[in-house]
file model.txt (compact mmCIF, N, CA and C atoms)
# COMPACT_ATOMS: atom_id res chain seq x y z
N MET A 1 -17.66 123.35 -26.85
CA MET A 1 -17.96 123.08 -25.47
C MET A 1 -17.17 121.84 -25.04
N SER A 2 -16.48 121.90 -23.93
CA SER A 2 -15.67 120.77 -23.48
C SER A 2 -16.42 119.96 -22.44
N HIS A 3 -16.11 118.67 -22.41
CA HIS A 3 -16.72 117.77 -21.44
C HIS A 3 -15.73 117.48 -20.34
N ASP A 4 -16.24 117.27 -19.12
CA ASP A 4 -15.39 116.92 -17.99
C ASP A 4 -15.32 115.41 -17.78
N TYR A 5 -15.83 114.65 -18.72
CA TYR A 5 -15.81 113.21 -18.58
C TYR A 5 -15.36 112.59 -19.90
N ALA A 6 -14.91 111.37 -19.82
CA ALA A 6 -14.46 110.65 -21.01
C ALA A 6 -15.61 109.83 -21.55
N GLU A 7 -15.75 109.84 -22.85
CA GLU A 7 -16.76 109.00 -23.50
C GLU A 7 -16.35 107.54 -23.34
N PRO A 8 -17.30 106.65 -22.99
CA PRO A 8 -16.93 105.23 -22.88
C PRO A 8 -16.62 104.66 -24.26
N THR A 9 -15.63 103.80 -24.31
CA THR A 9 -15.30 103.14 -25.57
C THR A 9 -16.16 101.89 -25.69
N PRO A 10 -16.41 101.43 -26.90
CA PRO A 10 -17.27 100.25 -27.07
C PRO A 10 -16.73 99.01 -26.36
N ASN A 11 -15.42 98.88 -26.21
CA ASN A 11 -14.84 97.70 -25.59
C ASN A 11 -14.50 97.92 -24.12
N ALA A 12 -14.98 99.00 -23.52
CA ALA A 12 -14.67 99.29 -22.12
C ALA A 12 -15.27 98.22 -21.23
N ARG A 13 -14.51 97.79 -20.21
CA ARG A 13 -14.98 96.77 -19.28
C ARG A 13 -15.30 97.42 -17.95
N ALA A 14 -16.28 96.86 -17.28
CA ALA A 14 -16.59 97.32 -15.92
C ALA A 14 -15.44 96.93 -15.01
N PRO A 15 -15.20 97.68 -13.95
CA PRO A 15 -14.13 97.31 -13.03
C PRO A 15 -14.34 95.91 -12.47
N ARG A 16 -13.26 95.17 -12.35
CA ARG A 16 -13.30 93.82 -11.81
C ARG A 16 -12.89 93.86 -10.35
N ALA A 17 -13.46 92.99 -9.55
CA ALA A 17 -13.10 92.91 -8.14
C ALA A 17 -12.66 91.50 -7.83
N SER A 18 -11.50 91.39 -7.18
CA SER A 18 -11.05 90.07 -6.72
C SER A 18 -11.94 89.66 -5.57
N VAL A 19 -12.36 88.42 -5.58
CA VAL A 19 -13.27 87.95 -4.54
C VAL A 19 -12.85 86.56 -4.08
N MET A 20 -13.33 86.19 -2.92
CA MET A 20 -13.11 84.84 -2.39
C MET A 20 -14.46 84.13 -2.42
N LEU A 21 -14.87 83.70 -3.59
CA LEU A 21 -16.16 83.04 -3.77
C LEU A 21 -15.96 81.75 -4.54
N SER A 22 -16.96 80.91 -4.48
CA SER A 22 -16.97 79.73 -5.33
C SER A 22 -18.15 79.86 -6.28
N ALA A 23 -18.08 79.12 -7.36
CA ALA A 23 -19.15 79.12 -8.35
C ALA A 23 -19.42 77.68 -8.77
N THR A 24 -20.65 77.42 -9.13
CA THR A 24 -21.04 76.13 -9.69
C THR A 24 -21.53 76.38 -11.10
N VAL A 25 -21.00 75.62 -12.05
CA VAL A 25 -21.38 75.77 -13.46
C VAL A 25 -22.08 74.51 -13.91
N GLU A 26 -23.23 74.72 -14.56
CA GLU A 26 -23.98 73.60 -15.14
C GLU A 26 -24.05 73.82 -16.64
N ARG A 27 -23.55 72.83 -17.39
CA ARG A 27 -23.56 72.93 -18.85
C ARG A 27 -24.86 72.36 -19.39
N PHE A 28 -25.39 72.98 -20.42
CA PHE A 28 -26.57 72.44 -21.08
C PHE A 28 -26.17 71.19 -21.86
N GLY A 29 -27.06 70.23 -21.93
CA GLY A 29 -26.78 69.03 -22.69
C GLY A 29 -26.17 67.91 -21.87
N GLY A 30 -26.15 68.08 -20.56
CA GLY A 30 -25.67 66.97 -19.75
C GLY A 30 -24.36 67.27 -19.04
N GLY A 31 -23.92 66.29 -18.32
CA GLY A 31 -22.71 66.45 -17.53
C GLY A 31 -23.05 66.96 -16.15
N ALA A 32 -22.28 66.51 -15.18
CA ALA A 32 -22.50 66.94 -13.80
C ALA A 32 -22.06 68.38 -13.61
N PRO A 33 -22.73 69.14 -12.74
CA PRO A 33 -22.28 70.50 -12.43
C PRO A 33 -20.86 70.46 -11.89
N THR A 34 -20.09 71.50 -12.18
CA THR A 34 -18.69 71.56 -11.73
C THR A 34 -18.49 72.76 -10.81
N LYS A 35 -17.58 72.60 -9.85
CA LYS A 35 -17.26 73.65 -8.88
C LYS A 35 -16.01 74.39 -9.34
N HIS A 36 -15.99 75.72 -9.11
CA HIS A 36 -14.89 76.56 -9.55
C HIS A 36 -14.60 77.64 -8.52
N ARG A 37 -13.36 78.08 -8.50
CA ARG A 37 -12.98 79.23 -7.68
C ARG A 37 -13.15 80.48 -8.55
N VAL A 38 -13.78 81.51 -7.99
CA VAL A 38 -13.97 82.76 -8.71
C VAL A 38 -12.71 83.60 -8.56
N ARG A 39 -12.13 84.03 -9.67
CA ARG A 39 -10.94 84.88 -9.66
C ARG A 39 -11.31 86.35 -9.57
N ASP A 40 -12.25 86.77 -10.40
CA ASP A 40 -12.76 88.13 -10.29
C ASP A 40 -14.18 88.19 -10.83
N LEU A 41 -14.86 89.26 -10.44
CA LEU A 41 -16.30 89.36 -10.68
C LEU A 41 -16.65 90.81 -11.01
N SER A 42 -17.54 91.00 -11.95
CA SER A 42 -18.05 92.33 -12.29
C SER A 42 -19.54 92.18 -12.57
N PRO A 43 -20.26 93.28 -12.74
CA PRO A 43 -21.70 93.17 -13.04
C PRO A 43 -21.97 92.38 -14.33
N GLY A 44 -21.04 92.41 -15.28
CA GLY A 44 -21.29 91.77 -16.56
C GLY A 44 -20.60 90.44 -16.79
N GLY A 45 -19.70 90.03 -15.87
CA GLY A 45 -19.00 88.78 -16.14
C GLY A 45 -18.18 88.29 -14.97
N ILE A 46 -17.51 87.16 -15.21
CA ILE A 46 -16.77 86.48 -14.16
C ILE A 46 -15.59 85.74 -14.78
N ARG A 47 -14.51 85.60 -14.01
CA ARG A 47 -13.38 84.75 -14.42
C ARG A 47 -13.26 83.67 -13.36
N ILE A 48 -13.22 82.42 -13.83
CA ILE A 48 -13.17 81.27 -12.92
C ILE A 48 -11.96 80.39 -13.22
N ASP A 49 -11.52 79.63 -12.20
CA ASP A 49 -10.45 78.64 -12.32
C ASP A 49 -11.04 77.28 -12.63
N GLN A 50 -10.15 76.32 -12.92
CA GLN A 50 -10.51 74.92 -13.12
C GLN A 50 -11.59 74.76 -14.18
N ALA A 51 -11.39 75.45 -15.31
CA ALA A 51 -12.42 75.50 -16.34
C ALA A 51 -11.99 74.82 -17.64
N THR A 52 -11.18 73.79 -17.55
CA THR A 52 -10.66 73.15 -18.76
C THR A 52 -11.74 72.46 -19.59
N GLU A 53 -12.87 72.11 -18.97
CA GLU A 53 -13.93 71.41 -19.70
C GLU A 53 -14.88 72.36 -20.43
N LEU A 54 -14.77 73.64 -20.19
CA LEU A 54 -15.65 74.61 -20.84
C LEU A 54 -15.10 74.97 -22.22
N ARG A 55 -16.00 75.30 -23.13
CA ARG A 55 -15.63 75.68 -24.50
C ARG A 55 -16.19 77.06 -24.83
N PRO A 56 -15.38 77.91 -25.50
CA PRO A 56 -15.88 79.23 -25.90
C PRO A 56 -17.16 79.10 -26.73
N GLY A 57 -18.12 79.96 -26.42
CA GLY A 57 -19.40 79.96 -27.12
C GLY A 57 -20.47 79.15 -26.41
N ALA A 58 -20.08 78.32 -25.45
CA ALA A 58 -21.05 77.50 -24.72
C ALA A 58 -21.93 78.37 -23.83
N THR A 59 -23.19 78.01 -23.71
CA THR A 59 -24.11 78.68 -22.80
C THR A 59 -24.25 77.81 -21.57
N VAL A 60 -24.13 78.43 -20.39
CA VAL A 60 -24.16 77.69 -19.13
C VAL A 60 -25.04 78.42 -18.12
N LEU A 61 -25.34 77.72 -17.05
CA LEU A 61 -25.95 78.34 -15.88
C LEU A 61 -24.88 78.38 -14.82
N ILE A 62 -24.79 79.49 -14.10
CA ILE A 62 -23.76 79.62 -13.07
C ILE A 62 -24.37 80.17 -11.79
N TRP A 63 -24.00 79.54 -10.68
CA TRP A 63 -24.40 80.00 -9.36
C TRP A 63 -23.16 80.63 -8.75
N VAL A 64 -23.24 81.88 -8.32
CA VAL A 64 -22.09 82.59 -7.76
C VAL A 64 -22.45 83.06 -6.36
N GLY A 65 -21.66 82.66 -5.37
CA GLY A 65 -21.95 83.07 -4.00
C GLY A 65 -23.36 82.68 -3.63
N ILE A 66 -24.16 83.66 -3.19
CA ILE A 66 -25.54 83.36 -2.82
C ILE A 66 -26.53 83.62 -3.95
N LEU A 67 -26.04 84.01 -5.14
CA LEU A 67 -26.94 84.27 -6.26
C LEU A 67 -27.53 82.97 -6.80
N GLU A 68 -28.75 83.05 -7.23
CA GLU A 68 -29.39 81.93 -7.90
C GLU A 68 -28.78 81.78 -9.29
N ALA A 69 -29.22 80.81 -10.03
CA ALA A 69 -28.67 80.53 -11.36
C ALA A 69 -28.76 81.76 -12.27
N VAL A 70 -27.64 82.03 -12.93
CA VAL A 70 -27.55 83.14 -13.88
C VAL A 70 -27.08 82.54 -15.20
N GLY A 71 -27.73 82.90 -16.29
CA GLY A 71 -27.28 82.45 -17.60
C GLY A 71 -26.00 83.17 -17.99
N ALA A 72 -25.09 82.47 -18.65
CA ALA A 72 -23.83 83.07 -19.06
C ALA A 72 -23.32 82.37 -20.32
N THR A 73 -22.46 83.08 -21.05
CA THR A 73 -21.80 82.54 -22.23
C THR A 73 -20.30 82.51 -21.97
N VAL A 74 -19.67 81.39 -22.28
CA VAL A 74 -18.21 81.27 -22.14
C VAL A 74 -17.58 82.07 -23.27
N LYS A 75 -16.77 83.09 -22.92
CA LYS A 75 -16.14 83.94 -23.92
C LYS A 75 -14.75 83.45 -24.29
N TRP A 76 -14.01 82.93 -23.31
CA TRP A 76 -12.66 82.45 -23.59
C TRP A 76 -12.26 81.41 -22.54
N VAL A 77 -11.32 80.56 -22.91
CA VAL A 77 -10.74 79.57 -22.00
C VAL A 77 -9.24 79.56 -22.29
N ALA A 78 -8.43 79.75 -21.25
CA ALA A 78 -6.98 79.75 -21.41
C ALA A 78 -6.31 79.42 -20.09
N GLU A 79 -5.30 78.55 -20.15
CA GLU A 79 -4.50 78.21 -18.98
C GLU A 79 -5.33 77.82 -17.76
N GLY A 80 -6.40 77.05 -18.00
CA GLY A 80 -7.23 76.57 -16.90
C GLY A 80 -8.27 77.55 -16.40
N CYS A 81 -8.27 78.78 -16.91
CA CYS A 81 -9.27 79.78 -16.51
C CYS A 81 -10.26 79.99 -17.64
N ALA A 82 -11.41 80.57 -17.30
CA ALA A 82 -12.41 80.90 -18.31
C ALA A 82 -13.05 82.24 -17.96
N GLY A 83 -13.39 82.99 -18.98
CA GLY A 83 -14.13 84.23 -18.82
C GLY A 83 -15.54 84.03 -19.32
N LEU A 84 -16.52 84.38 -18.50
CA LEU A 84 -17.92 84.21 -18.87
C LEU A 84 -18.62 85.55 -18.81
N ALA A 85 -19.50 85.80 -19.76
CA ALA A 85 -20.31 87.01 -19.78
C ALA A 85 -21.72 86.64 -19.35
N PHE A 86 -22.26 87.36 -18.36
CA PHE A 86 -23.61 87.10 -17.89
C PHE A 86 -24.63 87.56 -18.92
N ALA A 87 -25.75 86.84 -19.01
CA ALA A 87 -26.83 87.23 -19.91
C ALA A 87 -27.48 88.53 -19.45
N GLU A 88 -27.53 88.72 -18.13
CA GLU A 88 -28.04 89.96 -17.53
C GLU A 88 -27.08 90.37 -16.44
N GLU A 89 -26.91 91.67 -16.25
CA GLU A 89 -25.99 92.14 -15.22
C GLU A 89 -26.45 91.69 -13.84
N ILE A 90 -25.47 91.45 -12.98
CA ILE A 90 -25.73 91.06 -11.60
C ILE A 90 -25.21 92.14 -10.67
N ASP A 91 -25.53 92.02 -9.40
CA ASP A 91 -24.99 92.91 -8.38
C ASP A 91 -23.88 92.15 -7.65
N PRO A 92 -22.61 92.46 -7.92
CA PRO A 92 -21.53 91.73 -7.26
C PRO A 92 -21.59 91.78 -5.74
N GLU A 93 -22.07 92.88 -5.18
CA GLU A 93 -22.19 92.98 -3.72
C GLU A 93 -23.19 91.97 -3.19
N HIS A 94 -24.27 91.76 -3.94
CA HIS A 94 -25.27 90.77 -3.53
C HIS A 94 -24.67 89.36 -3.57
N ALA A 95 -23.86 89.08 -4.59
CA ALA A 95 -23.23 87.77 -4.69
C ALA A 95 -22.30 87.51 -3.51
N ARG A 96 -21.66 88.56 -3.02
CA ARG A 96 -20.71 88.42 -1.91
C ARG A 96 -21.37 88.41 -0.55
N ALA A 97 -22.64 88.82 -0.48
CA ALA A 97 -23.33 88.90 0.81
C ALA A 97 -23.43 87.51 1.43
N ARG A 98 -23.37 87.48 2.69
CA ARG A 98 -23.53 86.20 3.40
C ARG A 98 -25.02 85.98 3.61
N ALA A 99 -25.42 84.73 3.61
CA ALA A 99 -26.82 84.41 3.89
C ALA A 99 -27.12 84.88 5.31
N SER A 100 -28.21 85.58 5.47
CA SER A 100 -28.54 86.07 6.80
C SER A 100 -29.02 84.93 7.68
N SER A 101 -28.67 85.02 8.92
CA SER A 101 -29.11 83.98 9.84
C SER A 101 -30.38 84.45 10.54
N VAL A 102 -31.28 83.55 10.71
CA VAL A 102 -32.54 83.85 11.36
C VAL A 102 -32.37 83.56 12.84
N PRO A 103 -32.69 84.54 13.70
CA PRO A 103 -32.53 84.28 15.13
C PRO A 103 -33.47 83.18 15.58
N ARG A 104 -32.99 82.38 16.50
CA ARG A 104 -33.82 81.31 17.03
C ARG A 104 -34.84 81.91 17.99
N PRO A 105 -36.05 81.35 18.03
CA PRO A 105 -37.05 81.88 18.96
C PRO A 105 -36.62 81.64 20.40
N VAL A 106 -36.98 82.57 21.24
CA VAL A 106 -36.66 82.45 22.66
C VAL A 106 -37.62 81.46 23.28
N ALA A 107 -37.08 80.54 24.05
CA ALA A 107 -37.92 79.54 24.70
C ALA A 107 -38.78 80.20 25.77
N ALA A 108 -40.02 79.79 25.86
CA ALA A 108 -40.91 80.33 26.88
C ALA A 108 -40.45 79.86 28.26
N THR A 109 -40.58 80.73 29.25
CA THR A 109 -40.15 80.36 30.60
C THR A 109 -41.13 79.40 31.26
N ALA A 110 -42.41 79.51 30.93
CA ALA A 110 -43.41 78.61 31.50
C ALA A 110 -44.06 77.85 30.36
N PRO A 111 -44.28 76.55 30.53
CA PRO A 111 -44.92 75.79 29.45
C PRO A 111 -46.35 76.28 29.23
N VAL A 112 -46.77 76.26 27.98
CA VAL A 112 -48.12 76.68 27.63
C VAL A 112 -49.06 75.50 27.86
N GLN A 113 -50.16 75.75 28.52
CA GLN A 113 -51.15 74.70 28.78
C GLN A 113 -52.00 74.52 27.52
N ALA A 114 -51.95 73.35 26.93
CA ALA A 114 -52.72 73.08 25.71
C ALA A 114 -54.21 72.97 26.01
N SER A 115 -54.56 72.57 27.22
CA SER A 115 -55.97 72.38 27.53
C SER A 115 -56.62 73.64 28.08
N ALA A 116 -55.89 74.71 28.23
CA ALA A 116 -56.46 75.95 28.77
C ALA A 116 -57.42 76.53 27.74
N PRO A 117 -58.59 76.98 28.18
CA PRO A 117 -59.54 77.56 27.23
C PRO A 117 -59.02 78.90 26.72
N ALA A 118 -59.37 79.19 25.47
CA ALA A 118 -58.97 80.46 24.88
C ALA A 118 -59.76 81.58 25.54
N PRO A 119 -59.11 82.73 25.76
CA PRO A 119 -59.84 83.84 26.35
C PRO A 119 -60.93 84.31 25.40
N GLY A 120 -62.01 84.75 25.92
CA GLY A 120 -63.11 85.23 25.08
C GLY A 120 -63.86 86.35 25.76
N ALA A 121 -64.56 87.11 24.97
CA ALA A 121 -65.37 88.19 25.51
C ALA A 121 -66.60 88.34 24.63
N GLY A 122 -67.74 87.97 25.18
CA GLY A 122 -69.01 88.17 24.49
C GLY A 122 -69.07 87.53 23.12
N TRP A 123 -69.51 88.29 22.13
CA TRP A 123 -69.75 87.78 20.79
C TRP A 123 -68.47 87.45 20.03
N ILE A 124 -67.30 87.95 20.45
CA ILE A 124 -66.05 87.72 19.73
C ILE A 124 -65.71 86.23 19.68
N THR A 125 -66.01 85.49 20.72
CA THR A 125 -65.67 84.06 20.72
C THR A 125 -66.44 83.30 19.66
N ASP A 126 -67.61 83.79 19.24
CA ASP A 126 -68.42 83.12 18.22
C ASP A 126 -68.25 83.74 16.84
N MET A 127 -67.32 84.66 16.68
CA MET A 127 -67.20 85.39 15.42
C MET A 127 -66.94 84.47 14.23
N GLN A 128 -66.16 83.42 14.37
CA GLN A 128 -65.84 82.52 13.27
C GLN A 128 -66.82 81.35 13.15
N SER A 129 -67.81 81.28 14.00
CA SER A 129 -68.76 80.17 13.98
C SER A 129 -69.67 80.27 12.76
N PRO A 130 -69.83 79.18 12.00
CA PRO A 130 -70.73 79.21 10.86
C PRO A 130 -72.19 79.26 11.27
N TYR A 131 -72.49 78.98 12.56
CA TYR A 131 -73.87 78.96 13.06
C TYR A 131 -74.26 80.26 13.70
N ARG A 132 -73.38 81.23 13.68
CA ARG A 132 -73.63 82.54 14.32
C ARG A 132 -74.77 83.24 13.56
N THR A 133 -75.67 83.85 14.30
CA THR A 133 -76.78 84.56 13.66
C THR A 133 -76.72 86.03 13.92
call {"tool": "encode", "arguments": {"input": "model.txt", "output": "structure tokens"}}
result
Amino acid sequence: MSHDYAEPTPNARAPRASVMLSATVERFGGGAPTKHRVRDLSPGGIRIDQATELRPGATVLIWVGILEAVGATVKWVAEGCAGLAFAEEIDPEHARARASSVPRPVAATAPVQASAPAPGAGWITDMQSPYRT
């Protein structure tokens, strides 16, 4: 029986996407967080620039785009770039999403009177009263 698909190889990589994002890396054990340009991104990993201070095997926290901190392991460092593997897969589309803006409330046309009594009808006005019988 023939298959219409190729079996994945153990070293197969997910497709990488070039992105215009920044990342912040925080190393365990101290040191200030560092900013990096993201070269490419996939569900399982990332390649960043300006990574000369990172060492292969190091575990870091990385913030990518709008994603919260993600654990990652530095896999390689070469020529100022580094490849990191995420501890858990991410959604690259979510990382690229822009933070949604919340619409501002529309200003009321007439000022609200603070001293105006609340509308009431019969027993409803006393519904929250602890003395209601």
call {"tool": "closest_residue", "arguments": {"input": "model.txt", "among": "A:Ile90, A:Leu61, A:Ala97, A:Val77", "to": "Arg27 of chain A", "atoms": "only C-alpha atoms"}}
result
A:Leu61
call {"tool": "closest_residue", "arguments": {"input": "model.txt", "among": "A:Gly65, A:Gly45, A:Gly57, A:Gly29", "to": "Ala85 of chain A", "atoms": "only N, CA and C atoms"}}
result
A:Gly45
call {"tool": "atom_distance", "arguments": {"input": "model.txt", "atom1": "atom N of Pro33 of chain A", "atom2": "atom C of Thr59 of chain A"}}
result
12.5 Å
call {"tool": "closest_residue", "arguments": {"input": "model.txt", "among": "A:Val70, A:Ala58, A:Ala87, A:Cys81", "to": "Asp40 of chain A", "atoms": "only C-alpha atoms"}}
result
A:Cys81
call {"tool": "atom_distance", "arguments": {"input": "model.txt", "atom1": "atom CA of Lys35 of chain A", "atom2": "atom CA of His94 of chain A"}}
result
19.6 Å
call {"tool": "residues_around", "arguments": {"input": "model.txt", "residues": "Ile62 of chain A", "least_positions_apart": "3", "cutoff": "6.5 Å", "atoms": "all atoms listed in the file", "output": "MDAnalysis selection string"}}
result
chainID A and resid 23:26 68:72
call {"tool": "select_by_dssp", "arguments": {"input": "model.txt", "residues": "segment 60-95 of chain A", "states": "strand (DSSP E or B)", "output": "ChimeraX atom specification"}}
result
/A:60-64,70-78,81-86
call {"tool": "closest_residue", "arguments": {"input": "model.txt", "among": "A:Ile66, A:Ala82, A:Val74, A:Val38", "to": "Thr52 of chain A", "atoms": "only C-alpha atoms"}}
result
A:Ala82
call {"tool": "atom_distance", "arguments": {"input": "model.txt", "atom1": "atom CA of Phe28 of chain A", "atom2": "atom C of Leu67 of chain A"}}
result
17.8 Å
